[in-house]
Each structure stands twice: as structure tokens, then as C-alpha cells.
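Single-structure report; data block below.
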Amino acid sequence: MGSMGHPEIYPLVLTTQTQEIFKCRIDEDMTGERPYKLIKKQDILADFNNRAAISDFYPFKKIIQEYPGDELLVVYDKEFKYGLNFYLIGTEEGKEKYLNITNVQREQEDKELKEHVSEDVLTYKPPVSKPWISLGSEKEIEEESVKESTKQVTYKISRKRRKFGAPIKFSDQNASSVKDAYIECTAYPDKNFTLKQLEKDVGMQVVPQIKDTSTQTKWTYPKNATTQYYPREFLEEEKEIFGRSKPLTDFLNNVSISVEIALQQNEIMNTFIDDWKCLAEEEGTFGDKTDTHLKEYQSFTDLHSLTEKMITCISWHPQIYGLIAVSVAVRLSFEERVHFSGKLLLQPSLILFWSFSDPIHPQLMLESPDDIFCFKFCPTNPNIIAGGCINGQIVMWDITAHADRIENIKTGGSRSKKATLKPMFLLEPDSNKETMYIRHCAVSSIENGHKKVITDIHWLSDTFEINRMGSVFENRSEICCQLVTCSADCTICFWDIRPLKTFTLQSAEKKKEESIEIPSDIPPTFLHLDLSWKPLSKMRLSKGETSLDHCPTKISLSEDHLIYKAPDKVFAQNKSVKMEEVNPYQNLESGLDHLLRPIEDFCTKFFVGTEEGEVIYTDWKMERDPESGRLMSKKPVNLCTIHDGAVHTVQRSPFYKDIILTIGGWNLAIWKEGVMMGPLLQSSCAPKRYTSGHWSLTRPSVFYVGREDGHVDIWDLLEKTHEPAQSQNICITMITYIKPWTLSAKQQFIAVADYYGTLHILEIPWTLSHPSANETSSMNHYFEREVKHLEYVEQRKKIREQEKKEMQLENEKKNVKTHQKSKEQLEAELKVDYEGFLELERSVLGHLGLIRATDAKSFLDPI
């Protein structure tokens with residue numbers, strides 16, 4: 001380092017970590033007044049042993065080791081005189097020289113400072129105020145100042161509250177093509193600047209003043225008094241006289257015809273109805289085609305995920321508007337999952353909670369042991385969530401501790417006011433920054449549960465519960481405590497989340513339980529179920545004579561359309577539970593031990609869609625095998641093979657509890673419960689395979705179907721029944737799930753999930769969300785006509801079969817008659833055949849010249 005004329009100086013860079021280690025931080029330990037630091041040689045050598053080549057002093061290791069002194073001088077080069085922020089003096093002479101120079105410079109600076117300071121000390125004298133003397137300047141200032149001559153106009157600009165925080169899109173448009181796109185400010189005469197009239201014609205007339213007055217006499221001494229009235233009636237003689245009178249007879253004869261016409265009109269039609277209003281409703285619902293497409297409102301994508309995932313299930317929060325939960329799974333086949341099983345264990349399987357306020361960061365993340373393929377909120381307590389994994393386990397979450405993060409409850413001063421829930425997008429922005437990971441609080445037993453992926457899960461209603469035999473009883477707790485699941489292992493299981501009867505454990509097992517510590521972030525709501533949860537009952541759908549079983553994919557219970565309560569009732573129930581500060585599910589330990597009243601006339605039958613495209617109508621009640629005594633499921637009531645692929649949607653209509661929509665393969669079908677002859681409607685094969693579907697929540701005739709090419713088919717049965725009313729492209733890949741939701745009476749959304757893991761929120765137009773006045777009755781008539789059509793077809797089949805049997809009997813009778821001939825008839829037929837043979841033989845011999853004509857005649861004579 002002799003380029004600068006100082007061979008003992010070595011420039012170097014000290015990082016922040018090195019400055020912390022050796023206490024030589026810039027502007028703290030080293031300043032402009034003291035820009036150097038003496039570091040012990042032993043500390044630097046110890047740094048070589050700890051960090052080796054990473055140490056900032058390592059390039060000068062040899063120089064430091066050969067340094068004769070105990071302390072080395074490191075100087076802060078503030079002005080980068082030698083090119084770096086520090087430099088090291090590698091000799092004792094250089095160190096002494098630098099330290100002496102700094103001391104001499106300090107003495108000279110102090111001496112110069114003392115010389116510049118004068119001996120006389122200046123004293124401060126405050127100024128003295130003087131009186132104001134006017135020279136006329138204030139008048140000039142007043143004349144030149146600007147004053148307001150016109151009155152100020154105040155404008156107030158407002159917008160609807162529901163549009164707060166909504167995304168704004170600016171675009172260019174042609175002003176001539178859009179109505180009210182521009183405003184023209186033309187000149188007009190202002191009345192403030194017109195000249196006032198100096199002369200005016202006025203007419204006057206004298207009118208007397210009139211005053212209205214009234215007085216009310218007050219009753220000074222009120223008394224109780226009663227008065228009874230009775231009708232005044234004619235005497236019998238008067239009645240006879242009036243009945244025989246000619247005017248009354250003529251009046252009744254003249255008026256009777258008009259009264260009869262008026263009564264007939266009242267029976268035929270309503271004369272007070274507004275026809276124009278009804279026509280406007282019909283036209284706005286079916287005739288207006290200007291706004292019939294789904295509009296993109298918002299989209300959600302998990303940008304923090306390192307692997308490619310798809311959305312498997314969607315569920316809107318039952319209480320908080322604008323909050324939606326989705327489950328994601330890795331896009332891998334079975335073979336790829338086996339191959340990458342080690343890597344998949346290191347990545348969490350999640351359920352993401354998205355809010356309209358933040359399309360990038362999820363509000364909550366629910367962790368699970370494996371990928372979730374279906375999940376549902378508890379109808380009576382939305383803070384409880386149940387999900388089905390790909391490995392066959394059921395997972396339970398309790399997000400009660402995190403409810404304040406996703407909801408804010410406002411209550412009024414009086415008790416009469418209802419509690420209102422504050423949506424997620426109205427919370428403070430600081431409360432949504434960090435994403436919460438929530439661990440599951442219970443998981444079912446692997447040995448006793450499903451063996452394959454759980455394809456569907458449902459909560460049983462809070463009005464009933466079932467036992468192991470499938471019998472239905474009343475639910476006194478009014479809390480949903482039972483689940484039903486179906487899996488690809490050909491089983492349907494019923495689960496109970498309440499604890500079983502207490503039983504004595506061995507001392508060793510008790511010690512093990514006492515030694516296990518529960519993490520603080522896991523709620524103990526379902527601790528009694530964790531890793532020991534077994535199904536209450538398990539049923540299989542047998543194929544009959546063979547040992548094989550049907551593989552269920554989706555189920556639909558009879559209580560699905562009544563499963564969710566009103567939000568106010570759910571909120572009040574949740575609040576009462578919080579006030580008691582008890583676990584309601586642990587208090588239901590003896591739910592089935594008491595004598596419960598059985599519910600009679602309860603429909604225990606339900607629809608099942610299978611992997612082979614079959615739709616099964618069966619009963620969940622179990623029966624005992626007469627030979628082995630084991631519980632076994634009943635035979636299916638009805639089975640139809642309609643779909644040419646796996647059934648992925650079995651859903652009841654929200655308007656008709658006995659109408660079911662099934663979608664699978666390349667077609668769809670609509671069924672009516674109780675009609676065993678077949679579906680009411682079966683569509684033709686679609687151009688692309690169907691992947692999902694859902695009924696409309698507000699229109700009985702509309703449902704949505706997703707396809708594998710990213711299109712959504714919108715069916716309107718009042719408009720077309722043989723094909724979808726319209727088809728709209730949503731994405732470029734397969735649609736995996738569809739879920740509509742009603743935000744308000746004027747706004748509805750539909751959530752569409754695709755194979756690439758993107759959640760699309762679309763706004764439903766007015767024509768697809770608002771039904772006509774007679775739509776419900778029209779659909780009722782349509783379903784009734786289809787039922788009659790099926791009955792007619794079934795009747796014609798029976799008639800054709802009967803006619804076919806009769807024709808077969810007639811043919812058999814004819815065949816029998818031909819064989820039952822008399823002996824004389826058979827001899828006559830044989831004689832005729834023999835004579836024909838002789839005639840043929842004679843003619844052949846005659847042509848050959850073997851016999852003569854006389855011989856031929858004698859030849860024909862009988863022997």
C-alpha cells in the first residue's frame with residue numbers, strides 16, 4: 001500500500017457486523033472528533049478462529065500476526081481518502097506518528113479559538129416599542145386589497161356507501177355514442193344584471209277581513225253513561241205491502257242483470273290489477289337482453305404458494321358478507337403423489353379465507369394434515385369447520401379465538417336494537433396485514449375411518465339426530481352435532497362430534513395422557529375426538545348378487561334446503577355460548593343416553609351419485625342380517641344409469657325440496673323425489689365434459705354448469721329445455737367448483753374456481769337474479785307436465801308389452817293348429833303328393849323316349 005506515499009497504511013472495508021463485534025460503529029464509536037480506534041491484536045486473532053476467511057481482517061492476516069505491538073490502530077476514512085471507509089496502520093511508528101499529529105492539531109485549534117474570542121462580553125438590550133404614527137399608508141392598503149363581491153357557492157359530492165373501496169376502472173369512450181357523456185354550458189341571461197322596472201301597473205280592491213273562530217265546551221263533570229241501539233224494522237204488514245209494490249219489483253228487475261255481470265267479472269278477473277305494471281315486470285325479466293352476462297368483479301390468487309395448486313371446494317361465510325373460504329390441493333396424479341410424497345409432507349395443506357378488501361393476502365389459513373377436497377361450516381356455529389382429506393380423515397377446526405379478526409360486532413344502546421355484523425372490508429387496514437395460521441383441533445382415526453379420499457361432507461340438521469341403526473330422534477340441544485361423509489372406498493359414514501361414554505383407562509394409559517402437553521394455540525373444543533374419532537355407523541351400497549359395491553361421490557339429504565338458520569338466530573346463539581364460557585360440545589356427553597322421542601314420518605331416504613355415473617335412491621336405516629346378526633344397509637330403492645361419467649353434483653333445488661339436479665360426464669339430469677320411472681329432464685351430450693354445477697338462489701328455473709374448457713353454461717328452463725340459454729367463457733382451464741351467494745336484494749355474486757388455483761368472483765346480472773311474478777308457478781306446471789309425460793310413457797310401455805304378449809300367444813296358437821290335423825287329411829295330402837310325383841316321372845320318361853303313350857297311361861294306372 002505504498003501508492004499514496006504511506007506504506008504503513010492498509011485500506012479495508014468493515015461491515016456492520018464487524019463494527020458491532022469490535023465496537024467501532026460509525027457516528028457512535030467513531031466520530032469526526034475521534035475517528036480512530038485501538039483494537040487488541042488478540043481480539044482480531046480470535047475473530048480469525050471464529051469466522052476464518054469471512055473476517056474483514058483476513059486479507060491482512062500475515063501483517064497482523066507479525067505486528068510487534070498489542071494494539072492496532074484502525075482509522076475511519078470519512079472522506080474516502082484511501083478509497084475505502086477504514087484503513088489500518090500496520091507499524092508502531094505510523095501509529096505513534098498519527099496519534100501525535102492529532103494531539104498537536106487539537107492544541108492548535110484550541111489556541112485559535114481562544115484568540116478569536118474577544119475579552120469584552122456583549123450584553124443583549126431588548127428593543128423598546130414606540131407609538132404608531134399614521135402617514136396614510138393604511139388607506140392605500142385598503143384600496144388595493146381584494147374583497148369578495150359575490151356570494152360563495154358550496155357543492156357537496158357524495159357516493160353510495162356500498163361503493164366505498166370498490167375498484168375503479170377508467171377507460172376512454174366516444175362522447176357521441178353514450179347518453180349524457182358530456183355537458184354543454186351555454187350562455188343564458190342572468191336576472192341579477194337586468195334593469196329594474198321604474199313603473200309598474202298595480203290594481204287594488206278593498207276586501208273585508210274574515211276570521212274563523214271555534215269553541216269547544218269542556219265537560220266539567222264527566223259521568224259514565226251507556227246507550228243501546230236496536231234496528232228499526234218493518235212490521236209484517238208493511239213488509240207484505242212493500243214486497244208487492246210495483247216500484248220495488250221494477251227496480252230489482254232492472255238491476256239484477258248488472259249485478260250478475262259484475263259478479264261474473266269478479267270471478268273471472270281482478271278488475272283492480274295494474275296491467276301496465278305487470279307487463280313492465282314481464283318485459284324487464286324476459287324481454288330485456290341488454291345485460292345477461294356475468295361480469296368480473298374480483299379475483300383471488302395465492303401468490304405465496306410455491307407449488308401449483310387447484311381449488312377443490314368453495315364455501316361463503318354464512319354471516320360475514322364479503323368473506324369466502326376455499327380449499328386448495330396440489331395438481332398431481334396418484335402416481336406423482338406417491339413419487340413426491342416426501343416433498344409434499346413439508347408443504348402445508350391449507351384452507352384460505354379471502355376478503356373483498358385484500359385480493360392478495362388471505363385473512364386466515366387453516367392447516368390440515370393433508371389436502372382438503374370438501375369442507376362445510378357448521379350451520380349453528382360458523383366458527384366450527386369440518387373438512388374431508390384425501391387420505392380419508394376428517395379434520396375439525398375451531399376459529400372462535402380468531403373471530404375478532406374477521407368480524408366486528410356493533411350493538412346499540414338499547415336492547416331492542418338488533419346486533420349488526422361489520423363486514424371484513426370495513427375493518428381497520430392495520431388489522432389485516434399479517435396472515436394467521438390456525439392448526440386443526442381434532443382429526444379422525446386413520447384405522448376406523450375412510451380409506452380413500454372423502455368426496456363429500458354434510459352437517460345433519462339441528463332438529464334431529466340418528467343412532468347406530470339409523471333411527472331418527474329429536475335433537476333437544478338444537479346444535480348440529482352429527483356429520484355424514486362419502487368416500488371413494490365405497491362407504492358412507494355418519495359421525496358424532498360429542499364425546500362417548502366415559503370408561504376406565506389403565507394406569508399406564510393415564511400416565512401417558514397426563515404427560516402429553518397441549519399446545520397453547522390449539523383450542524380444546526374437540527380434544528376428546530383427536531386421533532380416536534370413530535364413525536357412528538357405516539353403510540355400503542351393494543350391487544346385489546355380486547360382492548362389489550357402488551362407489552359414491554356426492555350425496556344429497558332431504559334436509560339440505562333447510563340446513564342454515566337465519567343470521568340473527570345464529571348470532572344470538574353464539575353470543576349466549578360466549579357468555580356462558582363453556583364448551584357446549586363437551587356438555588352433550590350423554591346426548592343419546594336419555595330417552596329421546598323418535599320422529600315419525602321422517603324421510604330417511606337420500607340421493608347418491610356414483611363414480612360410474614349412476615344415481616341411487618336409498619335409505620340410511622340399517623337392518624340386521626338374519627344369518628349373522630350384523631348390521632347391514634338396505635337394498636337401494638331405485639337405481640338409474642344416466643350419466644356417462646362420474647357424478648360430481650347432486651343438489652336439491654332451494655325452492656322445491658323434492659327436485660334434484662345431478663351433473664356428471666357430458667350430460668345433466670333433473671329428478672323428482674318419489675318418481676321412480678326416470679329423470680324429468682335429461683340433456684344431450686355437451687361439446688365438453690361438465691365438471692361442476694349449482695342451482696340459482698333466487699330464480700327457480702336457472703342453474704349454472706361449469707365445463708372443462710373454462711365455459712359456464714347458464715340454463716333457463718323457462719326459455720329453453722334442450723340446450724343452455726347462454727354460454728360464457730370465464731377462464732382458459734377447467735372449472736372445478738361453482739358457488740353463488742346473495743349479498744343483498746340488489747346484488748348477487750357467483751364464485752367460480754379453476755384448475756390453476758384462481759378464484760373468480762362474478763356479479764350476476766339483473767335478469768338472472770330477479771324472478772318474474774309467475775316463475776314459481778310456471779316451474780310447478782312444468783314439473784307436473786313432465787311427471788304426467790313419464791306416467792304416460794310408462795303406461796304405453798305396459799300396453800306395448802301386453803300387446804306383444806298377446807301377439808306371441810296368437811302365433812303359438814296358430815302353430816299348434818297346424819300340427820293338430822286329422823288322419824284322413826294327412827292321407828289325402830300324401831296321396832296328392834304321390835300322384836304329382838308319378839305325373840312328373842311319366843313326363844320325364846316320355847321326353848326321353850323310354851315309354852310310349854299307351855304305356856304311360858298304363859303306367860299311371862293304380863296297381
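Letters for chains follow the order of the C-alpha cells (A, B, ...), residue numbers begin at 1 for each chain, and ligand numbers begin at 1 in the order shown.
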Review point. Can you tell me, as number ranges by chain, what residues are no more than 8 Å from Leu541 (chain A) when counting only C-alpha atoms, ignoring any on the same chain fewer than 2 positions away?
Key: A: 490-491, 539, 543, 549-551, 633, 635-636
Write the residues of the preceding selection, restricted to all heavy atoms, as a short mmCIF file (atom, residue, chain, number, x, y, z; two decimals), in the first residue's frame.
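Writing the result to result24.cif gives the following:
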data_model
loop_
_atom_site.label_atom_id
_atom_site.label_comp_id
_atom_site.auth_asym_id
_atom_site.auth_seq_id
_atom_site.Cartn_x
_atom_site.Cartn_y
_atom_site.Cartn_z
N CYS A 490 -66.14 -46.73 -1.25
CA CYS A 490 -67.46 -47.37 -1.36
C CYS A 490 -68.21 -47.38 -0.03
O CYS A 490 -69.03 -48.28 0.22
CB CYS A 490 -67.35 -48.80 -1.90
SG CYS A 490 -66.50 -48.90 -3.49
N THR A 491 -67.97 -46.39 0.85
CA THR A 491 -68.66 -46.33 2.13
C THR A 491 -69.25 -44.95 2.35
O THR A 491 -68.74 -43.95 1.83
CB THR A 491 -67.71 -46.66 3.30
OG1 THR A 491 -66.62 -45.71 3.29
CG2 THR A 491 -67.18 -48.07 3.18
N MET A 539 -72.20 -47.53 6.20
CA MET A 539 -73.04 -48.28 5.28
C MET A 539 -72.36 -48.41 3.93
O MET A 539 -71.58 -47.54 3.52
CB MET A 539 -74.40 -47.61 5.13
CG MET A 539 -74.38 -46.20 4.57
SD MET A 539 -76.03 -45.48 4.39
CE MET A 539 -76.74 -46.59 3.18
N LYS A 543 -74.06 -53.95 -4.84
CA LYS A 543 -74.57 -54.09 -6.20
C LYS A 543 -75.48 -55.29 -6.36
O LYS A 543 -75.84 -55.64 -7.48
CB LYS A 543 -73.41 -54.19 -7.19
CG LYS A 543 -72.68 -52.87 -7.40
CD LYS A 543 -71.68 -52.96 -8.52
CE LYS A 543 -71.02 -51.61 -8.78
NZ LYS A 543 -70.05 -51.65 -9.88
N ASP A 549 -69.32 -53.19 -4.60
CA ASP A 549 -70.14 -52.12 -4.05
C ASP A 549 -70.07 -50.91 -4.97
O ASP A 549 -69.12 -50.73 -5.73
CB ASP A 549 -69.66 -51.73 -2.65
CG ASP A 549 -69.77 -52.88 -1.67
OD1 ASP A 549 -70.71 -53.67 -1.82
OD2 ASP A 549 -68.92 -52.98 -0.76
N HIS A 550 -71.09 -50.08 -4.86
CA HIS A 550 -71.08 -48.81 -5.59
C HIS A 550 -70.11 -47.84 -4.92
O HIS A 550 -69.94 -47.85 -3.70
CB HIS A 550 -72.49 -48.20 -5.61
CG HIS A 550 -73.49 -49.02 -6.35
ND1 HIS A 550 -73.54 -49.08 -7.73
CD2 HIS A 550 -74.48 -49.84 -5.90
CE1 HIS A 550 -74.52 -49.88 -8.10
NE2 HIS A 550 -75.11 -50.36 -7.02
N CYS A 551 -69.51 -46.98 -5.73
CA CYS A 551 -68.53 -46.01 -5.24
C CYS A 551 -69.18 -44.64 -5.22
O CYS A 551 -69.32 -43.98 -6.26
CB CYS A 551 -67.29 -46.00 -6.13
SG CYS A 551 -66.00 -44.86 -5.57
N SER A 633 -76.71 -52.45 5.37
CA SER A 633 -77.55 -51.45 4.72
C SER A 633 -78.61 -52.12 3.85
O SER A 633 -78.43 -53.23 3.36
CB SER A 633 -76.69 -50.50 3.88
OG SER A 633 -75.96 -51.23 2.91
N LYS A 635 -81.20 -52.57 0.58
CA LYS A 635 -81.01 -52.51 -0.87
C LYS A 635 -81.52 -51.17 -1.39
O LYS A 635 -82.46 -50.61 -0.85
CB LYS A 635 -81.75 -53.65 -1.54
CG LYS A 635 -81.20 -55.03 -1.20
CD LYS A 635 -81.96 -56.11 -1.94
CE LYS A 635 -81.40 -57.50 -1.60
NZ LYS A 635 -82.11 -58.57 -2.32
N PRO A 636 -80.89 -50.63 -2.45
CA PRO A 636 -81.35 -49.35 -2.99
C PRO A 636 -82.79 -49.42 -3.46
O PRO A 636 -83.24 -50.41 -4.03
CB PRO A 636 -80.38 -49.09 -4.16
CG PRO A 636 -79.16 -49.88 -3.84
CD PRO A 636 -79.66 -51.12 -3.11
#
Can you list, as a compact mmCIF listing (two decimals) with all heavy atoms, in the first residue's frame, every protein, DNA or RNA residue that comes within 10 Å of Ser55 (chain A) when you count only C-alpha atoms, leaving out same-chain residues fewer than 6 positions away?
# COMPACT_ATOMS: atom_id res chain seq x y z
N LEU A 14 -15.04 -2.52 6.61
CA LEU A 14 -15.61 -3.18 7.79
C LEU A 14 -17.13 -3.17 7.67
O LEU A 14 -17.75 -2.11 7.56
CB LEU A 14 -15.18 -2.45 9.07
CG LEU A 14 -13.68 -2.44 9.38
CD1 LEU A 14 -13.43 -1.77 10.72
CD2 LEU A 14 -13.10 -3.85 9.38
N THR A 15 -17.70 -4.36 7.65
CA THR A 15 -19.16 -4.46 7.58
C THR A 15 -19.80 -4.08 8.91
O THR A 15 -19.11 -3.87 9.92
CB THR A 15 -19.56 -5.88 7.19
OG1 THR A 15 -19.08 -6.79 8.20
CG2 THR A 15 -18.97 -6.29 5.85
N GLN A 17 -21.60 -5.95 10.82
CA GLN A 17 -21.40 -7.00 11.82
C GLN A 17 -20.04 -6.88 12.47
O GLN A 17 -19.90 -7.02 13.69
CB GLN A 17 -21.58 -8.37 11.17
CG GLN A 17 -21.49 -9.54 12.14
CD GLN A 17 -21.69 -10.88 11.46
OE1 GLN A 17 -21.88 -10.92 10.24
NE2 GLN A 17 -21.67 -11.96 12.21
N THR A 18 -19.03 -6.59 11.67
CA THR A 18 -17.67 -6.44 12.22
C THR A 18 -17.61 -5.20 13.11
O THR A 18 -16.93 -5.22 14.17
CB THR A 18 -16.67 -6.32 11.07
OG1 THR A 18 -16.82 -7.46 10.22
CG2 THR A 18 -15.25 -6.29 11.60
N ILE A 44 -8.51 -9.68 17.27
CA ILE A 44 -8.53 -9.93 15.82
C ILE A 44 -8.16 -11.39 15.53
O ILE A 44 -8.76 -12.03 14.66
CB ILE A 44 -7.58 -8.95 15.10
CG1 ILE A 44 -8.03 -7.52 15.36
CG2 ILE A 44 -7.53 -9.23 13.61
CD1 ILE A 44 -7.11 -6.47 14.77
N ASP A 47 -11.05 -13.53 16.13
CA ASP A 47 -12.03 -13.42 15.04
C ASP A 47 -11.63 -14.31 13.88
O ASP A 47 -12.48 -14.84 13.17
CB ASP A 47 -12.13 -11.96 14.61
CG ASP A 47 -13.28 -11.75 13.63
OD1 ASP A 47 -14.40 -12.21 13.92
OD2 ASP A 47 -13.06 -11.16 12.57
N PHE A 48 -10.28 -14.47 13.66
CA PHE A 48 -9.83 -15.40 12.60
C PHE A 48 -10.26 -16.82 12.91
O PHE A 48 -10.65 -17.58 12.02
CB PHE A 48 -8.30 -15.32 12.46
CG PHE A 48 -7.81 -14.01 11.86
CD1 PHE A 48 -6.52 -13.56 12.06
CD2 PHE A 48 -8.67 -13.22 11.11
CE1 PHE A 48 -6.09 -12.37 11.51
CE2 PHE A 48 -8.24 -12.03 10.56
CZ PHE A 48 -6.95 -11.59 10.75
N ASN A 49 -10.18 -17.20 14.17
CA ASN A 49 -10.56 -18.57 14.54
C ASN A 49 -12.08 -18.80 14.41
O ASN A 49 -12.50 -19.90 14.09
CB ASN A 49 -10.11 -18.87 15.96
CG ASN A 49 -8.59 -18.83 16.10
OD1 ASN A 49 -7.87 -19.13 15.14
ND2 ASN A 49 -8.10 -18.45 17.27
N LYS A 61 -3.96 -10.85 7.27
CA LYS A 61 -3.68 -11.79 8.36
C LYS A 61 -2.18 -11.84 8.69
O LYS A 61 -1.78 -11.82 9.86
CB LYS A 61 -4.21 -13.17 7.98
CG LYS A 61 -4.00 -14.23 9.05
CD LYS A 61 -4.60 -15.56 8.62
CE LYS A 61 -4.39 -16.61 9.70
NZ LYS A 61 -4.93 -17.92 9.29
Practice item. Could you tell me, as an MDAnalysis selection string, which residues of region 58-268 of chain A DSSP assigns to strand (DSSP E or B) when given the backbone? Key: chainID A and resid 71:76 86:89
Check your understanding: How far is it from CA of His304 (chain A) to CA of Ile735 (chain A), in Å with one decimal?
Key ->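 According to the coordinates, CA of His304 (chain A) and CA of Ile735 (chain A) are separated by 22.0 Å.
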Review point. Between CA of Ile764 (chain A) and CA of Gln726 (chain A), what is the distance, to one decimal in Å?
Key: 13.5 Å
Review point. Which polymer residues have any atom within 10 Å of an atom of Ile399 (chain A), counting only C-alpha atoms, with same-chain residues fewer than 4 positions away left out, as a ChimeraX atom specification?
Key: /A:364,366,382-385,403-406,438-441,522-523
Write out, as a PDB file, in the first residue's frame, the residues just selected, with C-alpha atoms.
ATOM      1  CA  LEU A 364     -56.810 -16.781   7.700  1.00  0.00           C
ATOM      2  CA  LEU A 366     -56.387 -23.325   8.261  1.00  0.00           C
ATOM      3  CA  PRO A 382     -69.929 -20.885  11.799  1.00  0.00           C
ATOM      4  CA  ASN A 383     -66.718 -20.841  13.848  1.00  0.00           C
ATOM      5  CA  ILE A 384     -66.698 -24.668  13.647  1.00  0.00           C
ATOM      6  CA  ILE A 385     -65.499 -26.088  10.307  1.00  0.00           C
ATOM      7  CA  ALA A 403     -63.295 -14.428  15.382  1.00  0.00           C
ATOM      8  CA  ASP A 404     -62.391 -10.843  16.308  1.00  0.00           C
ATOM      9  CA  ARG A 405     -60.011 -10.758  13.372  1.00  0.00           C
ATOM     10  CA  ILE A 406     -62.703 -11.475  10.805  1.00  0.00           C
ATOM     11  CA  ILE A 438     -54.616 -21.900  12.531  1.00  0.00           C
ATOM     12  CA  ARG A 439     -53.953 -25.515  13.415  1.00  0.00           C
ATOM     13  CA  HIS A 440     -56.676 -28.134  13.479  1.00  0.00           C
ATOM     14  CA  CYS A 441     -58.071 -29.122  16.867  1.00  0.00           C
ATOM     15  CA  ILE A 522     -54.896 -25.400  19.762  1.00  0.00           C
ATOM     16  CA  PRO A 523     -58.385 -24.970  21.299  1.00  0.00           C
TER      17      PRO A 523
END
